[in-house]
Each structure stands twice: as C-alpha cells, then as structure tokens.
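As structure tokens, the structure follows; a few thoughts come after it.
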Amino acid sequence: MTASAVEPAVIEELAGVVGPAHVLSDPEVTAGYTLDWTRRFAGSTPLVIRPGDTAETAAVLGVLAAARIPVVPQGGNTGLVGGSVPLAGEAVLSTRRLRSCEPVDELASQVTLGAGVTLAEAQAHAAGAGLSVGVDLAARDSATIGGMVATNAGGINVVRYGSMRAQVAGIEAVLADGSVVSHMAGLEKDNTGYDLEGLLAGSEGTLGIITRVRLRLHPVLSERATALLAFDTAADAVVAAAALRRTVASLRALEAVFCDAMTLVSQHLGVNPPVGTVSTGSASDGGLNALTPRTPGADGGAAWLVVEAAARADPSDELATAVADLGDLVTDAAVALDPGARQRLWAFREHVTEAISAAGIPHKLDVTLPAARLAEFTDGVTAVVRAADPHALPLLFGHLGDGNVHVNVLGPDGAEPAAGVDDAVLRYVADLGGSISAEHGIGTAKLAQLHLNRSEAELAAFAAIKRALDPAGLLNPNVLLP
Ligand code: FAD
Ligand code: 2HG
Ligand code: ZN
C-alpha cells in the first residue's frame with residue numbers, strides 16, 4: 001500500500017497519538033519533505049508525521065504497521081544519496097521534534113540526545129561541559145544526530161576520532177512493528193550479545209527509527225593550527241597526505257580540493273586561495289563552462305590540502321616541521337592560528353558542496369580507495385567520466401586522510417550528466433579495490449551498484465536481517481537493499 005491510500009480512520013488514529021498539528025497532509029506544507037538537498041531526488045507524500053518522543057514514535061509505527069503503510073524516516077534532510085525522501089508515495093516520519101538534550105554525563109564523557117537534535121546543537125551542548133563531538137561536517141546546522149547515526153556519517157575529523165558508529169555508546173530505536181529496543185547504559189565494555197547499535201548505525205532507516213542516541217564525547221582541543229598547502233599535481237598531494245598522516249601526531253583533519261573544484265569554489269566565494277594558482281578561469285572571468293577537466297596523468301592539475309592539527313598545547317611547531325619535511329613536494333603553504341584566519345582557509349574546502357549546488361545538479365559519487373591506488377584514481381577518474389559522457393565535468397575533493405574522494409559530476413550548463421557516468425566511476429572504484437560509498441550511504445542513488453562491493457552471500461545476509469526486523473518491508477523500502 002502507498003500512503004496515498006491512507007484511510008481517514010488511520011489519519012485520525014495518528015492524530016490521536018501525536019496531536020492533529022503533527023500529522024501534515026497539506027501539499028504546500030509537505031512539499032518541503034519531498035525534495036532532497038541536491039534537488040536530484042523528488043517524490044511525494046500525502047502524510048508527514050512528527051512524533052514528539054520515543055513512545056509516540058512507537059505508537060505511530062504500530063498504527064502504520066497495522067495499516068501496512070510504508071514510511072521514510074527523515075531527520076535534517078541533508079543526506080546526499082536520495083534516502084531521506086519519499087520516492088514512491090511513502091509516509092514520512094520526521095524526527096525533528098525529538099529534541100531532548102540530557103545533561104552531559106561528565107564522569108563518563110557521554111551525553112544522551114534526541115535523534116532530532118542537530119549536530120550544531122549537540123556541539124554547543126557538549127562544549128558547555130568542556131567536551132566535543134567527534135564527528136563534524138559542513139551540514140552541521142541541519143543534519144541531525146539520528147540521521148548521522150543512520151548514515152554512519154564521516155566528515156572532517158575521521159582521521160582523529162573515526163566515523164559516527166565509533167561515537168555511539170547507546171541507541172534507542174523503534175522497530176517496524178512498533179517495539180522499542182533501548183540499550184543506553186553506555187558501558188565501555190558490554191559483551192552481552194549482538195551489537196544492535198553497530199547494526200543500526202549505517203542502516204539508513206531500513207531497520208528501525210532511531211529516537212535517542214548516547215554519544216561518546218572527547219576533550220576539547222583548543223589549540224589549533226591550520227595549513228593550506230598547494231601542490232602541482234594531485235599525485236603529489238596524495239603522497240604528501242600519506243606523509244602527514246604518519247608524522248603529525250596532533251592531526252585532526254586532512255582534506256583535499258582538486259583543480260576544477262578549487263576554481264569553482266573560488267568563483268563562488270569571490271576570492272582566490274592565498275597559495276597555488278587556480279588552473280582555469282578566475283573569480284571574475286569564470287563561469288562553469290570555463291572549466292575544462294584536466295587530462296589524466298602528470299597533467300592531473302593542481303591540488304590543495306587543508307591540514308589541521310589540534311592539541312592542548314600549541315601544535316603549530318609540529319605542523320610546521322611536518323610541512324617543511326615535505327620539501328619540494330609542496331609548492332606553497334599558508335598557515336593560520338587564530339579562528340578567523342583558520343576559517344578563511346577552511347572556506348575553500350567547506351563551501352565546495354554549496355558551490356557545486358549553486359552551479360547545477362551533480363551526481364555525487366562518494367568513494368574510498370586503498371592508499372596504494374589513490375593517486376592512480378585521482379589521475380584516472382577524469383578519463384573514466386569523460387569516456388561515459390564527453391561533456392561532463394568531474395569535480396574532485398574530499399577527506400584525503402581517509403582515502404575518501406568525493407567525485408561530483410556536472411553535465412553542461414549544470415544539468416545532470418549522462419546516467420552511465422555513475423556506473424563507470426563506481427566500477428572503476430571497485431576494480432581498484434575501493435568502496436562505492438565511503439560515508440554518504442547507498443540510499444537509492446547506488447542501489448544498482450551495491451553488488452560491486454558486496455558478495456551474493458553478504459547480500460543474502462543483509463536481506464535476512466531486513467526480513468527478521470521488518471518482515472513486511474515497511475521501513476524505507478526503496479533504500480540500501482536491491
Ligand atoms: P537525513 O538526510 O534526513 O536522512 C539520511 C538517511 O538517514 C535517510 O536514509 C533517512 O531515512 C535516515 N534517517 C534519518 N534520521 C533517521 C533516524 N532518526 N532513524 C533512522 N533513520 C534515519 N556526510 C558525511 O558523511 N560527511 C560529510 O562531510 C558531509 N558533509 C555534508 C555537507 C553538506 C553541505 C551537506 C548538504 C551534506 C553533507 N553530508 C555529509 C551528508 C549528510 O549531512 C549526512 O548524511 C547526515 O548524516 C544526514 O543527516 P540528516 O539528519 O540530514 O539525515
Ligand atoms: C563533504 O565532505 C560532504 O563536503 C559532501 O561529504 C560531499 O558534496 C559532496 O559530494
Ligand atoms: Zn564528505
């Protein structure tokens with residue numbers, strides 16, 4: 001059944017659970033829940049339900065299960081793989097009212113938060129106790145803690161603290177039949193059976209709706225040094241990144257922006273980077289069509305690294321020594337210590353996604369490569385894209401310290417590229433031994449390619465887990481599982 005066939009009696013029952021104000025059906029109001037952040041994935045829903053706590057969420061799922069109505073969980077709707085919007089007329093369960101912030105448990109360095117708390121709110125709450133959240137990403141003002149766990153989000157500090165799954169000390173979630181699983185003691189050692197938290201992290205709303213999360217927190221490292229390093233080629237940046245990972249003990253972020261992505265973000269910001277030369281166009285004579293992809297090989301185009309060190313004591317000497325040790329590999333470097341100057345360097349990395357969205361509707365291919373194949377990939381992927389669509393423009397950036405490259409591909413004038421581009425790039429990644437999804441998930445965007453990374457036996461195990469927890473297939477039915 002689709003939600004469009006929802007009986008008035010079911011709507012009444014849902015309104016009885018969450019209150020009539022939180023069952024939305026006016027298309028003008030629900031429209032905001034049906035289009036994803038990239039504007040590539042659009043659907044429709046006649047029903048958005050906004051429960052206020054775990055008990056209401058459980059009751060809502062009980063009603064939906066009895067009526068056999070499929071449902072898409074949605075947090076901040078910043079996901080980039082089309083997993084958070086109703087593409088086949090499903091109901092939407094918005095978690096944005098699950099906003100409880102319990103006091104920070106300073107003895108355990110943990111905090112329990114409602115799934116709808118945004119990352120920025122969680123960061124501010126933790127900071128009040130002198131602690132910090134281990135995952136950070138540019139969508140912090142909208143992305144929710146529940147959505148970040150559901151996607152096992154990565155972001156800019158994975159080199160230091162790991163992904164979202166590593167931050168989770170406990171989860172409360174509602175399963176498809178309305179039952180609640182809650183394991184929130186936050187014990188560091190707890191070998192009492194299957195790791196349900198680990199399973200729900202990265203499950204993209206297909207196994208349960210996360211309502212509360214107990215997060216591990218970390219000491220605030222207030223002394224920071226940030227460097228923007230320029231390189232002649234992508235391959236040089238890859239070699240430098242590997243060296244910096246080995247040598248900078250206080251490393252907190254190791255990010256890259258390649259060639260045309262730097263030109264585009266510079267145009268968007270209206271300012272060129274303080275080091276290195278943007279390769280084509282400029283802030284004044286640019287425009288998307290002025291960008292021409294580099295040819296593969298040594299002419300792979302210039303590249304930049306953003307490197308951040310953080311510690312209790314000033315880490316700038318350690319960072320400066322490590323950069324000096326790179327020798328001629330690095331062509332120029334800018335270092336910043338105070339927050340404003342550091343933010344100005346970060347802008348060239350943090351605003352790339354926004355710059356690309358302002359230019360068009362990209363296909364987003366978020367991949368990881370083994371360290372030994374990374375330079376081959378950054379040099380070779382442009383040719384792979386152009387073979388699939390001669391007019392497409394690949395824009396490369398990402399979390400180089402994790403081997404994670406974001407390949408965004410735009411068609412001419414910002415239109416979508418030819419559909420074959422995705423398959424060509426993801427096959428290339430799999431052939432090199434990489435992952436077709438580093439941190440954004442599979443969603444609907446990569447359903448057709450999951451088999452490139454997962455064996456038949458693994459996919460059968462995934463399907464068995466799904467059947468066990470959601471036998472009617474009601475939770476996010478068009479996501480993750482082929
Ligand atoms: P949504 O987009 O609402 O949902 C994402 C998925 O999780 C969907 O499948 C949805 O059904 C499911 N879901 C949401 N909430 C729940 C819940 N409570 N229970 C069960 N399932 C749920 N991602 C990174 O990993 N690293 C980055 O550096 C990064 N940077 C970004 C920068 C920008 C500018 C943008 C727009 C996005 C970025 N993202 C990044 C992607 C996105 O922010 C993350 O995927 C984030 O985790 C999504 O959180 P959300 O609350 O918006 O989830
Ligand atoms: C980032 O690292 C995000 O900036 C978004 O993961 C990546 O836009 C993208 O493809
Ligand atoms: Zn990313």
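Every chain in the structure tokens takes a letter, A first, then B, and so on in the order presented; its residues are numbered from 1, and the ligands are numbered from 1 following the presented order.
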Rows by chain and residue number, chain A within 7 Å of ligand 1, shortest pair, only C-alpha atoms and all ligand atoms, as a Markdown table:
```
| residue | atom | partner | partner_atom_place_in_ligand_line | distance |
| --- | --- | --- | --- | --- |
| A:Trp37 | CA | ligand 1 | 36 (C) | 6.1 |
| A:Val72 | CA | ligand 1 | 11 (O) | 5.3 |
| A:Pro73 | CA | ligand 1 | 11 (O) | 4.1 |
| A:Gln74 | CA | ligand 1 | 3 (O) | 3.9 |
| A:Gly75 | CA | ligand 1 | 3 (O) | 3.4 |
| A:Gly76 | CA | ligand 1 | 52 (O) | 3.4 |
| A:Asn77 | CA | ligand 1 | 2 (O) | 3.3 |
| A:Thr78 | CA | ligand 1 | 52 (O) | 3.6 |
| A:Gly79 | CA | ligand 1 | 2 (O) | 3.3 |
| A:Leu80 | CA | ligand 1 | 41 (C) | 5.4 |
| A:Gly83 | CA | ligand 1 | 9 (O) | 3.9 |
| A:Ser84 | CA | ligand 1 | 8 (C) | 3.9 |
| A:Thr95 | CA | ligand 1 | 18 (N) | 5.8 |
| A:Ala115 | CA | ligand 1 | 18 (N) | 5.1 |
| A:Gly116 | CA | ligand 1 | 18 (N) | 6.8 |
| A:Leu137 | CA | ligand 1 | 28 (O) | 4.4 |
| A:Ala138 | CA | ligand 1 | 32 (C) | 4.4 |
| A:Ala139 | CA | ligand 1 | 33 (C) | 4.3 |
| A:Ser142 | CA | ligand 1 | 52 (O) | 6.2 |
| A:Ala143 | CA | ligand 1 | 51 (O) | 3.8 |
| A:Thr144 | CA | ligand 1 | 51 (O) | 3.6 |
| A:Ile145 | CA | ligand 1 | 51 (O) | 6.3 |
| A:Gly146 | CA | ligand 1 | 18 (N) | 3.8 |
| A:Gly147 | CA | ligand 1 | 15 (N) | 3.4 |
| A:Met148 | CA | ligand 1 | 47 (O) | 3.2 |
| A:Val149 | CA | ligand 1 | 47 (O) | 6.6 |
| A:Ala150 | CA | ligand 1 | 7 (O) | 4.7 |
| A:Thr151 | CA | ligand 1 | 47 (O) | 5.2 |
| A:Asn152 | CA | ligand 1 | 47 (O) | 6.7 |
| A:Ala153 | CA | ligand 1 | 25 (O) | 3.4 |
| A:Gly154 | CA | ligand 1 | 25 (O) | 3.9 |
| A:Gly155 | CA | ligand 1 | 28 (O) | 3.3 |
| A:Ile156 | CA | ligand 1 | 28 (O) | 5.8 |
| A:Glu204 | CA | ligand 1 | 9 (O) | 4.0 |
| A:Gly205 | CA | ligand 1 | 21 (N) | 3.3 |
| A:Gly208 | CA | ligand 1 | 20 (C) | 5.8 |
| A:Ile209 | CA | ligand 1 | 19 (N) | 3.7 |
| A:Ile210 | CA | ligand 1 | 19 (N) | 3.8 |
| A:Thr211 | CA | ligand 1 | 18 (N) | 5.6 |
| A:Thr353 | CA | ligand 1 | 34 (C) | 5.5 |
| A:Glu354 | CA | ligand 1 | 34 (C) | 6.0 |
| A:Glu439 | CA | ligand 1 | 25 (O) | 4.3 |
| A:His440 | CA | ligand 1 | 25 (O) | 4.9 |
| A:Gly443 | CA | ligand 1 | 9 (O) | 6.0 |
| A:Asn476 | CA | ligand 1 | 11 (O) | 6.3 |
| A:Val479 | CA | ligand 1 | 9 (O) | 6.9 |
```
*DSSP strand (DSSP E) selection over segment 267-444 of chain A, as a PyMOL selection string*: chain A and resi 303-311+332-336+363-368+393-399+404-410
Keeping only C-alpha atoms, write those residues as a PDB file, in the first residue's frame.
```
ATOM      1  CA  ALA A 303      45.685  20.306  -5.828  1.00  0.00           C
ATOM      2  CA  TRP A 304      45.355  21.724  -2.325  1.00  0.00           C
ATOM      3  CA  LEU A 305      45.348  20.152   1.117  1.00  0.00           C
ATOM      4  CA  VAL A 306      43.733  21.626   4.214  1.00  0.00           C
ATOM      5  CA  VAL A 307      45.595  20.231   7.208  1.00  0.00           C
ATOM      6  CA  GLU A 308      44.552  20.905  10.784  1.00  0.00           C
ATOM      7  CA  ALA A 309      46.433  19.992  13.946  1.00  0.00           C
ATOM      8  CA  ALA A 310      44.779  20.260  17.366  1.00  0.00           C
ATOM      9  CA  ALA A 311      46.095  19.691  20.872  1.00  0.00           C
ATOM     10  CA  ASP A 332      53.473  26.903  -1.249  1.00  0.00           C
ATOM     11  CA  ALA A 333      51.865  26.975   2.180  1.00  0.00           C
ATOM     12  CA  ALA A 334      49.677  29.332   4.223  1.00  0.00           C
ATOM     13  CA  VAL A 335      49.316  28.727   7.968  1.00  0.00           C
ATOM     14  CA  ALA A 336      46.698  30.246  10.265  1.00  0.00           C
ATOM     15  CA  HIS A 363      25.761  13.254  -9.460  1.00  0.00           C
ATOM     16  CA  LYS A 364      27.611  12.628  -6.204  1.00  0.00           C
ATOM     17  CA  LEU A 365      29.977   9.688  -6.087  1.00  0.00           C
ATOM     18  CA  ASP A 366      31.475   9.331  -2.635  1.00  0.00           C
ATOM     19  CA  VAL A 367      34.212   6.701  -2.740  1.00  0.00           C
ATOM     20  CA  THR A 368      37.195   5.354  -0.797  1.00  0.00           C
ATOM     21  CA  LEU A 393      32.722  17.936 -15.698  1.00  0.00           C
ATOM     22  CA  PRO A 394      34.161  15.955 -12.756  1.00  0.00           C
ATOM     23  CA  LEU A 395      34.938  17.945  -9.604  1.00  0.00           C
ATOM     24  CA  LEU A 396      37.122  16.201  -7.032  1.00  0.00           C
ATOM     25  CA  PHE A 397      37.551  16.949  -3.341  1.00  0.00           C
ATOM     26  CA  GLY A 398      37.214  15.079  -0.070  1.00  0.00           C
ATOM     27  CA  HIS A 399      38.718  13.603   3.024  1.00  0.00           C
ATOM     28  CA  ASN A 404      37.817   9.296   0.663  1.00  0.00           C
ATOM     29  CA  VAL A 405      37.329  11.234  -2.584  1.00  0.00           C
ATOM     30  CA  HIS A 406      34.074  12.995  -3.471  1.00  0.00           C
ATOM     31  CA  VAL A 407      33.663  12.853  -7.239  1.00  0.00           C
ATOM     32  CA  ASN A 408      30.874  15.250  -8.153  1.00  0.00           C
ATOM     33  CA  VAL A 409      29.915  15.226 -11.831  1.00  0.00           C
ATOM     34  CA  LEU A 410      28.015  18.009 -13.586  1.00  0.00           C
TER      35      LEU A 410
END
```
*atom CA of Ala359 of chain A to atom CA of Ala375 of chain A, straight-line distance in Å*: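 Separation between atom CA of Ala375 of chain A and atom CA of Ala359 of chain A: 27.0 Å.
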*Using only C-alpha atoms, which residues sit within 8 Å of segment 28-31 of chain A once same-chain residues fewer than 4 positions away are excluded, as JSON, numbers by chain?*
{"A": [24, 35, 44, 45, 46, 47, 48]}
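In terms of minimum interatomic distance to Val323 of chain A, A:Arg246 ranks closest within A:Ala383, A:Cys259, A:Arg246, A:Val265, counting only C-alpha atoms.
From atom CA of Leu251 of chain A back to atom CA of Ala371 of chain A, the distance works out to 17.6 Å.
Distance-wise, atom CA of Tyr194 of chain A and atom CA of Ala460 of chain A end up 18.5 Å apart.
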*Looking at only C-alpha atoms and all ligand atoms, which of A:Val158, A:Leu481, A:Ala445, A:Asp422 is the one that sits closest to ligand 3?*
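Between A:Val158, A:Leu481, A:Ala445, A:Asp422, the residue approaching ligand 3 most closely is A:Val158.
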Show which residues sit within 10 Å of segment 274-277 of chain A, as an mmCIF file with N, CA and C atoms, in the first residue's frame. Count only C-alpha atoms, and ignore same-chain residues fewer than 3 positions away.
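Saved the output as part28.cif:
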```
data_model
loop_
_atom_site.group_PDB
_atom_site.id
_atom_site.type_symbol
_atom_site.label_atom_id
_atom_site.label_comp_id
_atom_site.auth_asym_id
_atom_site.auth_seq_id
_atom_site.Cartn_x
_atom_site.Cartn_y
_atom_site.Cartn_z
ATOM 1 N N LEU A 228 46.956 25.589 4.602
ATOM 2 C CA LEU A 228 46.501 25.315 3.237
ATOM 3 C C LEU A 228 47.762 25.116 2.412
ATOM 4 N N LEU A 229 47.913 23.927 1.868
ATOM 5 C CA LEU A 229 49.122 23.577 1.120
ATOM 6 C C LEU A 229 48.788 23.440 -0.364
ATOM 7 N N ALA A 230 49.644 23.978 -1.224
ATOM 8 C CA ALA A 230 49.402 23.883 -2.668
ATOM 9 C C ALA A 230 50.373 22.888 -3.302
ATOM 10 N N PHE A 231 49.886 22.147 -4.283
ATOM 11 C CA PHE A 231 50.689 21.137 -4.984
ATOM 12 C C PHE A 231 50.506 21.296 -6.490
ATOM 13 N N ASP A 232 51.547 20.884 -7.243
ATOM 14 C CA ASP A 232 51.433 20.959 -8.703
ATOM 15 C C ASP A 232 50.502 19.907 -9.261
ATOM 16 N N CYS A 259 41.998 20.895 -8.259
ATOM 17 C CA CYS A 259 41.894 21.572 -9.540
ATOM 18 C C CYS A 259 40.570 22.303 -9.802
ATOM 19 N N MET A 262 38.540 23.589 -6.946
ATOM 20 C CA MET A 262 39.069 24.810 -6.323
ATOM 21 C C MET A 262 38.693 26.035 -7.149
ATOM 22 N N THR A 263 38.737 25.902 -8.476
ATOM 23 C CA THR A 263 38.349 27.046 -9.315
ATOM 24 C C THR A 263 36.888 27.418 -9.043
ATOM 25 N N VAL A 271 36.926 34.889 -4.189
ATOM 26 C CA VAL A 271 38.317 35.121 -3.755
ATOM 27 C C VAL A 271 39.150 33.893 -4.097
ATOM 28 N N THR A 280 41.992 27.265 -14.264
ATOM 29 C CA THR A 280 41.262 27.841 -15.397
ATOM 30 C C THR A 280 40.298 28.873 -14.853
ATOM 31 N N SER A 282 38.772 32.487 -13.477
ATOM 32 C CA SER A 282 39.130 33.204 -12.269
ATOM 33 C C SER A 282 37.835 33.701 -11.663
ATOM 34 N N ALA A 302 46.464 21.064 -10.569
ATOM 35 C CA ALA A 302 46.941 21.412 -9.236
ATOM 36 C C ALA A 302 46.003 20.858 -8.166
ATOM 37 N N ALA A 303 46.505 20.819 -6.933
ATOM 38 C CA ALA A 303 45.685 20.306 -5.828
ATOM 39 C C ALA A 303 46.060 21.045 -4.559
ATOM 40 N N TRP A 304 45.141 21.068 -3.608
ATOM 41 C CA TRP A 304 45.355 21.724 -2.325
ATOM 42 C C TRP A 304 45.000 20.763 -1.196
ATOM 43 N N VAL A 330 55.601 20.234 -1.774
ATOM 44 C CA VAL A 330 54.615 21.294 -1.598
ATOM 45 C C VAL A 330 55.150 22.575 -2.243
ATOM 46 N N THR A 331 54.314 23.228 -3.062
ATOM 47 C CA THR A 331 54.815 24.414 -3.779
ATOM 48 C C THR A 331 54.663 25.684 -2.958
ATOM 49 N N ASP A 332 53.664 25.712 -2.078
ATOM 50 C CA ASP A 332 53.473 26.903 -1.249
ATOM 51 C C ASP A 332 52.556 26.547 -0.080
ATOM 52 N N ALA A 333 52.672 27.302 0.999
ATOM 53 C CA ALA A 333 51.865 26.975 2.180
ATOM 54 C C ALA A 333 51.419 28.249 2.879
ATOM 55 N N ALA A 334 50.177 28.243 3.362
ATOM 56 C CA ALA A 334 49.677 29.332 4.223
ATOM 57 C C ALA A 334 49.250 28.690 5.533
ATOM 58 N N ARG A 344 39.024 31.250 7.223
ATOM 59 C CA ARG A 344 39.192 31.712 5.830
ATOM 60 C C ARG A 344 39.887 30.644 4.993
ATOM 61 N N LEU A 345 40.802 29.886 5.585
ATOM 62 C CA LEU A 345 41.422 28.782 4.835
ATOM 63 C C LEU A 345 40.421 27.635 4.638
#
```
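Of the residues under consideration (A:Thr112, A:Thr206, A:Thr321, A:Ser437), A:Ser437 shows the shortest atom-to-atom contact distance to ligand 2 when counting only C-alpha atoms and all ligand atoms.
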*Within segment 83-279 of chain A, find each residue whose DSSP state, derived from the backbone, is alpha helix (DSSP H), and express the selection as number ranges by chain.*
A: 119-127, 145-151, 158-161, 164-167, 196-200, 234-247, 259-269
*Tell me which protein, DNA and RNA residues are within 12 Å of Arg68 of chain A, counting only C-alpha atoms, leaving out same-chain ones fewer than 6 positions away, and put them as a ChimeraX atom specification.*
/A:1-3,5-7,10,60-62,90-91,176-177,470-475
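Distances from A:Ala464, A:Ala242, A:Ala355, A:Met184 to Leu269 of chain A were compared using only C-alpha atoms, and the smallest one belongs to A:Ala355.
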*asked:* When you count only C-alpha atoms and all ligand atoms, which of these residues is closest to ligand 2: A:Gln449, A:Asn157, A:Thr233, A:Thr247?
replied: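 The closest residue to ligand 2 is A:Asn157.
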*Have a look at A:Gly270, A:Gly134, A:Gly403, A:Gly128 and name the one nearest to Ala256 of chain A; count only C-alpha atoms.*
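Selected residue with least distance to Ala256 of chain A: A:Gly403.
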*asked:* Give me the residues near Asp195 of chain A as a list in words, where near means some atom within 12 Å (using only C-alpha atoms) and where sequence neighbours in that chain fewer than 4 positions away do not count.
replied: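 Once the nearby chain positions are removed, what remains is Arg165, Val168, Ala169, Gly170, Ile171, Val181, His183, Lys189, Asp190, Asn191, Leu199, Leu200 and Ala201 of chain A.
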